[in-house]
$ cat run_38.cif   # mmCIF, C-alpha atoms and all ligand atoms
data_work
loop_
_atom_site.label_atom_id
_atom_site.label_comp_id
_atom_site.auth_asym_id
_atom_site.auth_seq_id
_atom_site.Cartn_x
_atom_site.Cartn_y
_atom_site.Cartn_z
CA MET A 221 0.00 0.00 0.00
CA VAL A 222 2.73 2.43 0.98
CA GLN A 223 4.74 1.58 -2.14
CA ILE A 224 1.74 2.14 -4.44
CA GLU A 225 0.95 5.48 -2.78
CA GLN A 226 4.58 6.58 -3.18
CA ASP A 227 4.58 5.59 -6.87
CA ILE A 228 1.32 7.44 -7.62
CA LEU A 229 2.35 10.59 -5.80
CA GLY A 230 5.88 10.46 -7.26
CA LYS A 231 4.51 10.29 -10.79
CA ASN A 232 2.05 13.08 -10.02
CA ASP A 233 4.87 15.26 -8.70
CA GLN A 234 6.78 14.82 -11.97
CA TYR A 235 3.80 16.03 -13.99
CA ALA A 236 3.21 18.85 -11.49
CA GLY A 237 6.84 19.96 -11.88
CA ALA A 238 6.42 20.10 -15.67
CA ASN A 239 3.19 22.11 -15.33
CA ARG A 240 4.84 24.52 -12.87
CA SER A 241 7.81 25.11 -15.21
CA TRP A 242 5.45 25.80 -18.09
CA PHE A 243 3.31 28.20 -16.02
CA GLN A 244 6.44 30.05 -14.91
CA ALA A 245 7.80 30.29 -18.46
CA GLN A 246 4.47 31.72 -19.64
CA GLY A 247 4.12 34.07 -16.65
CA ILE A 248 0.82 32.37 -15.76
CA LEU A 249 -0.41 32.48 -12.18
CA ALA A 250 -2.22 29.18 -11.51
CA LEU A 251 -4.33 28.81 -8.38
CA ASN A 252 -5.85 25.57 -7.09
CA LEU A 253 -9.19 26.24 -5.37
CA VAL A 254 -10.02 23.53 -2.86
CA SER A 255 -12.99 23.08 -0.54
CA SER A 256 -15.88 20.86 0.43
CA PRO A 257 -18.84 20.69 -2.00
CA GLY A 258 -20.96 23.81 -2.07
CA SER A 259 -18.70 26.21 -0.15
CA GLY A 260 -19.01 28.66 -3.06
CA LYS A 261 -16.00 28.07 -5.33
CA THR A 262 -17.87 28.59 -8.58
CA SER A 263 -19.88 31.50 -7.16
CA LEU A 264 -16.67 33.22 -6.06
CA LEU A 265 -15.13 32.54 -9.46
CA THR A 266 -18.03 33.90 -11.53
CA ARG A 267 -18.16 37.04 -9.40
CA SER A 268 -14.36 37.49 -9.46
CA ILE A 269 -14.29 36.98 -13.23
CA GLN A 270 -16.94 39.67 -13.76
CA ASP A 271 -14.86 42.08 -11.67
CA LEU A 272 -11.40 41.14 -13.04
CA LYS A 273 -11.86 40.22 -16.69
CA ASP A 274 -10.81 43.66 -17.89
CA ARG A 275 -7.65 43.54 -15.74
CA TYR A 276 -6.09 40.18 -16.73
CA PRO A 277 -6.53 37.41 -19.30
CA LEU A 278 -8.43 34.71 -17.39
CA ALA A 279 -9.16 31.02 -17.84
CA VAL A 280 -10.69 28.30 -15.69
CA ILE A 281 -10.30 24.54 -15.38
CA GLU A 282 -13.24 22.91 -13.62
CA GLY A 283 -13.05 19.56 -11.84
CA ASP A 284 -16.17 17.60 -10.90
CA GLN A 285 -17.01 13.91 -10.82
CA GLN A 286 -19.85 14.46 -13.32
CA THR A 287 -21.60 17.22 -15.32
CA SER A 288 -20.33 20.34 -17.04
CA HIS A 289 -22.53 22.65 -14.94
CA ASP A 290 -19.65 24.62 -13.46
CA ALA A 291 -17.79 25.09 -16.77
CA ASP A 292 -21.09 26.25 -18.29
CA ARG A 293 -21.47 28.81 -15.46
CA ILE A 294 -17.94 30.09 -16.15
CA ARG A 295 -18.41 30.22 -19.93
CA ALA A 296 -21.54 32.32 -19.42
CA THR A 297 -19.18 35.07 -18.18
CA GLY A 298 -17.32 34.99 -21.53
CA VAL A 299 -14.14 33.45 -20.10
CA PRO A 300 -12.79 30.14 -21.51
CA ALA A 301 -13.40 27.13 -19.27
CA LEU A 302 -12.58 23.47 -19.62
CA GLN A 303 -14.47 20.84 -17.63
CA ILE A 304 -12.71 17.71 -16.42
CA ASN A 305 -14.95 14.89 -15.17
CA THR A 306 -13.08 12.62 -12.79
CA GLY A 307 -15.77 9.87 -12.75
CA LYS A 308 -15.03 7.79 -9.65
CA GLY A 309 -12.03 9.99 -8.87
CA CYS A 310 -12.16 12.36 -5.90
CA HIS A 311 -9.58 14.95 -7.03
CA LEU A 312 -7.79 16.44 -10.02
CA ASP A 313 -4.22 15.35 -10.70
CA ALA A 314 -1.31 16.99 -12.47
CA HIS A 315 -1.55 14.77 -15.55
CA MET A 316 -5.15 15.93 -16.14
CA ILE A 317 -4.05 19.56 -15.83
CA GLY A 318 -1.21 18.97 -18.32
CA HIS A 319 -3.77 17.77 -20.88
CA ALA A 320 -6.19 20.58 -20.08
CA ILE A 321 -3.63 23.31 -20.72
CA GLU A 322 -2.94 21.84 -24.17
CA SER A 323 -6.54 22.52 -25.23
CA LEU A 324 -7.40 25.66 -23.26
CA PRO A 325 -6.67 29.03 -24.88
CA LEU A 326 -4.21 30.44 -22.34
CA ALA A 327 -2.54 33.77 -23.09
CA PRO A 328 0.85 34.50 -21.53
CA ARG A 329 0.53 36.32 -18.18
CA SER A 330 -2.97 34.88 -17.61
CA LEU A 331 -4.60 34.17 -14.30
CA LEU A 332 -5.67 30.51 -14.33
CA PHE A 333 -8.16 29.31 -11.74
CA ILE A 334 -8.38 25.55 -11.21
CA GLU A 335 -11.53 24.58 -9.30
CA ASN A 336 -10.84 21.20 -7.77
CA VAL A 337 -13.42 18.51 -7.01
CA GLY A 338 -15.40 19.45 -3.90
CA ASN A 339 -13.67 17.37 -1.23
CA LEU A 340 -11.64 18.41 1.80
CA VAL A 341 -9.42 15.31 1.80
CA CYS A 342 -7.94 13.99 -1.48
CA PRO A 343 -7.09 17.26 -3.30
CA ALA A 344 -4.69 18.16 -0.47
CA ALA A 345 -2.27 15.41 -1.48
CA PHE A 346 -2.04 16.19 -5.19
CA ASP A 347 0.17 19.02 -6.40
CA LEU A 348 -1.13 20.29 -9.76
CA GLY A 349 1.81 22.64 -10.39
CA GLU A 350 -0.13 25.60 -9.00
CA ALA A 351 1.50 28.60 -7.36
CA HIS A 352 -0.91 28.44 -4.41
CA LYS A 353 -3.72 26.36 -3.03
CA VAL A 354 -6.61 28.53 -1.89
CA ALA A 355 -8.96 26.83 0.59
CA ILE A 356 -12.55 28.06 0.67
CA LEU A 357 -14.53 27.42 3.83
CA SER A 358 -18.08 28.67 4.21
CA VAL A 359 -19.55 29.70 7.53
CA THR A 360 -22.35 27.12 7.26
CA GLU A 361 -19.83 24.26 7.56
CA GLY A 362 -18.78 24.78 11.21
CA GLU A 363 -15.65 26.39 12.60
CA ASP A 364 -13.93 23.07 13.40
CA LYS A 365 -13.24 22.02 9.80
CA PRO A 366 -9.57 23.16 9.76
CA LEU A 367 -8.91 20.86 12.74
CA LYS A 368 -10.81 17.91 11.26
CA TYR A 369 -9.24 18.21 7.79
CA PRO A 370 -5.83 19.64 8.67
CA ASP A 371 -3.99 18.52 5.52
CA MET A 372 -6.07 20.81 3.35
CA PHE A 373 -5.60 23.88 5.52
CA HIS A 374 -1.92 23.05 6.01
CA ALA A 375 -1.42 22.91 2.23
CA ALA A 376 -3.23 26.20 1.53
CA ASP A 377 -1.57 29.62 1.58
CA LEU A 378 -4.89 31.47 1.75
CA MET A 379 -8.25 30.64 3.30
CA LEU A 380 -11.31 32.45 1.98
CA LEU A 381 -14.01 32.35 4.63
CA ASN A 382 -17.08 32.62 2.42
CA LYS A 383 -20.81 33.33 2.92
CA ILE A 384 -20.20 35.89 5.69
CA ASP A 385 -23.52 37.50 4.64
CA LEU A 386 -25.11 34.56 6.54
CA LEU A 387 -23.30 35.22 9.85
CA PRO A 388 -26.28 37.05 11.44
CA TYR A 389 -28.33 33.84 11.12
CA LEU A 390 -25.71 31.42 12.48
CA ASP A 391 -23.73 30.87 15.68
CA PHE A 392 -20.47 30.45 13.74
CA ASP A 393 -17.46 31.76 15.72
CA VAL A 394 -15.19 33.49 13.16
CA GLU A 395 -12.26 34.07 15.54
CA GLN A 396 -12.30 30.46 16.74
CA CYS A 397 -12.32 29.23 13.13
CA ILE A 398 -9.35 31.42 12.22
CA GLY A 399 -7.58 30.22 15.39
CA TYR A 400 -8.11 26.59 14.35
CA ALA A 401 -6.80 27.31 10.83
CA ARG A 402 -3.67 28.96 12.28
CA ARG A 403 -3.17 26.02 14.64
CA VAL A 404 -2.68 23.70 11.62
CA ASN A 405 -0.97 26.36 9.50
CA PRO A 406 0.49 29.35 11.40
CA SER A 407 1.25 31.25 8.19
CA ILE A 408 -2.14 30.86 6.47
CA GLN A 409 -3.69 34.14 5.39
CA VAL A 410 -7.42 34.52 5.94
CA LEU A 411 -9.89 36.79 4.16
CA GLN A 412 -13.58 37.02 5.04
CA VAL A 413 -15.73 37.30 1.91
CA SER A 414 -19.19 36.92 0.50
CA ALA A 415 -19.68 35.93 -3.11
CA ARG A 416 -23.32 36.97 -2.63
CA SER A 417 -22.94 40.51 -1.22
CA GLY A 418 -19.43 41.20 -2.53
CA GLU A 419 -18.17 42.05 0.95
CA GLY A 420 -14.42 41.47 1.34
CA LEU A 421 -13.79 40.81 -2.34
CA GLU A 422 -11.55 43.85 -2.81
CA ALA A 423 -9.05 42.28 -0.37
CA TRP A 424 -9.16 39.05 -2.41
CA TYR A 425 -8.55 41.02 -5.62
CA ALA A 426 -5.66 42.84 -3.92
CA TRP A 427 -4.17 39.47 -2.90
CA LEU A 428 -4.47 38.33 -6.54
CA GLY A 429 -3.09 41.62 -7.83
CA GLU A 430 0.05 41.34 -5.70
CA ARG A 431 0.71 37.85 -7.06
CA MET A 432 -0.05 38.83 -10.67
CA ALA A 433 2.44 41.70 -10.32
CA GLY A 434 5.04 39.27 -8.91
N1 LIG A 501 -25.58 33.24 1.06
C1 LIG A 501 -24.56 32.89 0.29
N2 LIG A 501 -24.66 31.84 -0.54
C2 LIG A 501 -23.59 31.55 -1.32
C3 LIG A 501 -22.41 32.29 -1.30
N3 LIG A 501 -21.53 31.73 -2.17
C4 LIG A 501 -22.16 30.67 -2.72
N4 LIG A 501 -23.42 30.56 -2.22
C5 LIG A 501 -24.43 29.53 -2.55
O1 LIG A 501 -23.90 28.27 -2.17
C6 LIG A 501 -24.33 27.25 -3.09
C7 LIG A 501 -23.13 26.51 -3.64
O2 LIG A 501 -22.34 27.39 -4.40
P1 LIG A 501 -21.32 26.93 -5.52
O3 LIG A 501 -20.62 28.15 -6.00
O4 LIG A 501 -21.98 26.07 -6.53
O5 LIG A 501 -20.34 26.04 -4.65
P2 LIG A 501 -19.10 25.15 -5.15
O6 LIG A 501 -18.08 25.17 -4.05
O7 LIG A 501 -18.65 25.58 -6.48
O8 LIG A 501 -19.78 23.71 -5.22
P3 LIG A 501 -19.17 22.35 -5.92
O9 LIG A 501 -18.56 22.74 -7.22
O10 LIG A 501 -20.37 21.48 -6.07
O11 LIG A 501 -18.17 21.80 -4.94
C8 LIG A 501 -25.15 27.98 -4.15
O12 LIG A 501 -26.50 27.86 -3.83
C9 LIG A 501 -24.67 29.42 -4.04
O13 LIG A 501 -25.66 30.36 -4.44
C10 LIG A 501 -22.33 33.42 -0.41
O14 LIG A 501 -21.32 34.14 -0.30
N5 LIG A 501 -23.43 33.66 0.35
MG MG A 502 -18.36 24.48 -8.22
#
$ encode --input "run_38.cif" --output "structure tokens"
Amino acid sequence: MVQIEQDILGKNDQYAGANRSWFQAQGILALNLVSSPGSGKTSLLTRSIQDLKDRYPLAVIEGDQQTSHDADRIRATGVPALQINTGKGCHLDAHMIGHAIESLPLAPRSLLFIENVGNLVCPAAFDLGEAHKVAILSVTEGEDKPLKYPDMFHAADLMLLNKIDLLPYLDFDVEQCIGYARRVNPSIQVLQVSARSGEGLEAWYAWLGERMAG
């Protein structure tokens, strides 16, 4: 079992390294968006795309077990999107991303969002060649998720705490949640946002802008 896991992850890391080199050569910032199902990844993306599409060339790779619903939602914004269906698979891997970037129109110096399969476990282990993993946690999920699924929050550089428009109706403790995230990853950055109301999104765009400039 251990040997098989090492072989699979070793092979994945080789593909991820090739993707990362290509992204760097093209000046493309690739972000891997990870979260449980329904935390608001696609909602955040469609809203961010509307607000950013005049600033940068954008493209999206969508990962889901089935359907092209999310890629359709992205394409409705006018930005190119490619849907990967993983079937029984619970995460995207670097080989899939390598194929996707062959068929996606990707201008140099683009911002590429990769929306991973909704799952707080498997996507943590698979490097896609991204510059950063961004974990999205919504306030309806409970503040303890960073402690229960530490690998994901350990692997992420940024946590977007989404759906804060719902806080008045919940007993979600924001400070405790951020404390739990920092316990598993002391250097994780946290931004509180709402894809619905738009609150906090300027800070997210500033975070993206700093990395696009870099
Ligand atoms: N109130 C509120 N609802 C939100 C917000 N963001 C997303 N939603 C809702 O949450 C539900 C799930 O949103 P999606 O964007 O599809 O979530 P997702 O993470 O892409 O889901 P999967 O791709 O299935 O993993 C939808 O009904 C959205 O309208 C938010 O900031 N506030
Ligand atoms: Mg989605």
$ closest_residue --input "run_38.cif" --among "A:Ile281, A:Met379, A:Ile224, A:Val299" --to "A:Ser268" --atoms "only C-alpha atoms"
A:Val299
$ closest_residue --input "run_38.cif" --among "A:Glu419, A:Asp233, A:Glu363, A:Asp377" --to "ligand LIG 501 (chain A)" --atoms "only C-alpha atoms and all ligand atoms"
A:Glu419
$ residues_near_ligand --input "run_38.cif" --ligand "ligand LIG 501 (chain A)" --cutoff "8 Å" --atoms "all atoms listed in the file" --output "JSON, numbers by chain"
{"A": [255, 256, 257, 258, 259, 260, 261, 262, 263, 264, 265, 283, 284, 290, 335, 336, 337, 338, 339, 356, 358, 382, 383, 384, 385, 386, 413, 414, 415, 416, 417, 418]}
$ residues_near_point --input "run_38.cif" --point "(-13.0, 22.0, -15.5)" --cutoff "10 Å" --atoms "all atoms listed in the file" --output "PyMOL selection string"
chain A and resi 280-284+287-292+294+301-306+312+316-317+320+333-337
$ closest_residue --input "run_38.cif" --among "A:Lys368, A:Arg329, A:Arg403, A:Lys353" --to "A:Leu380" --atoms "all atoms listed in the file"
A:Lys353
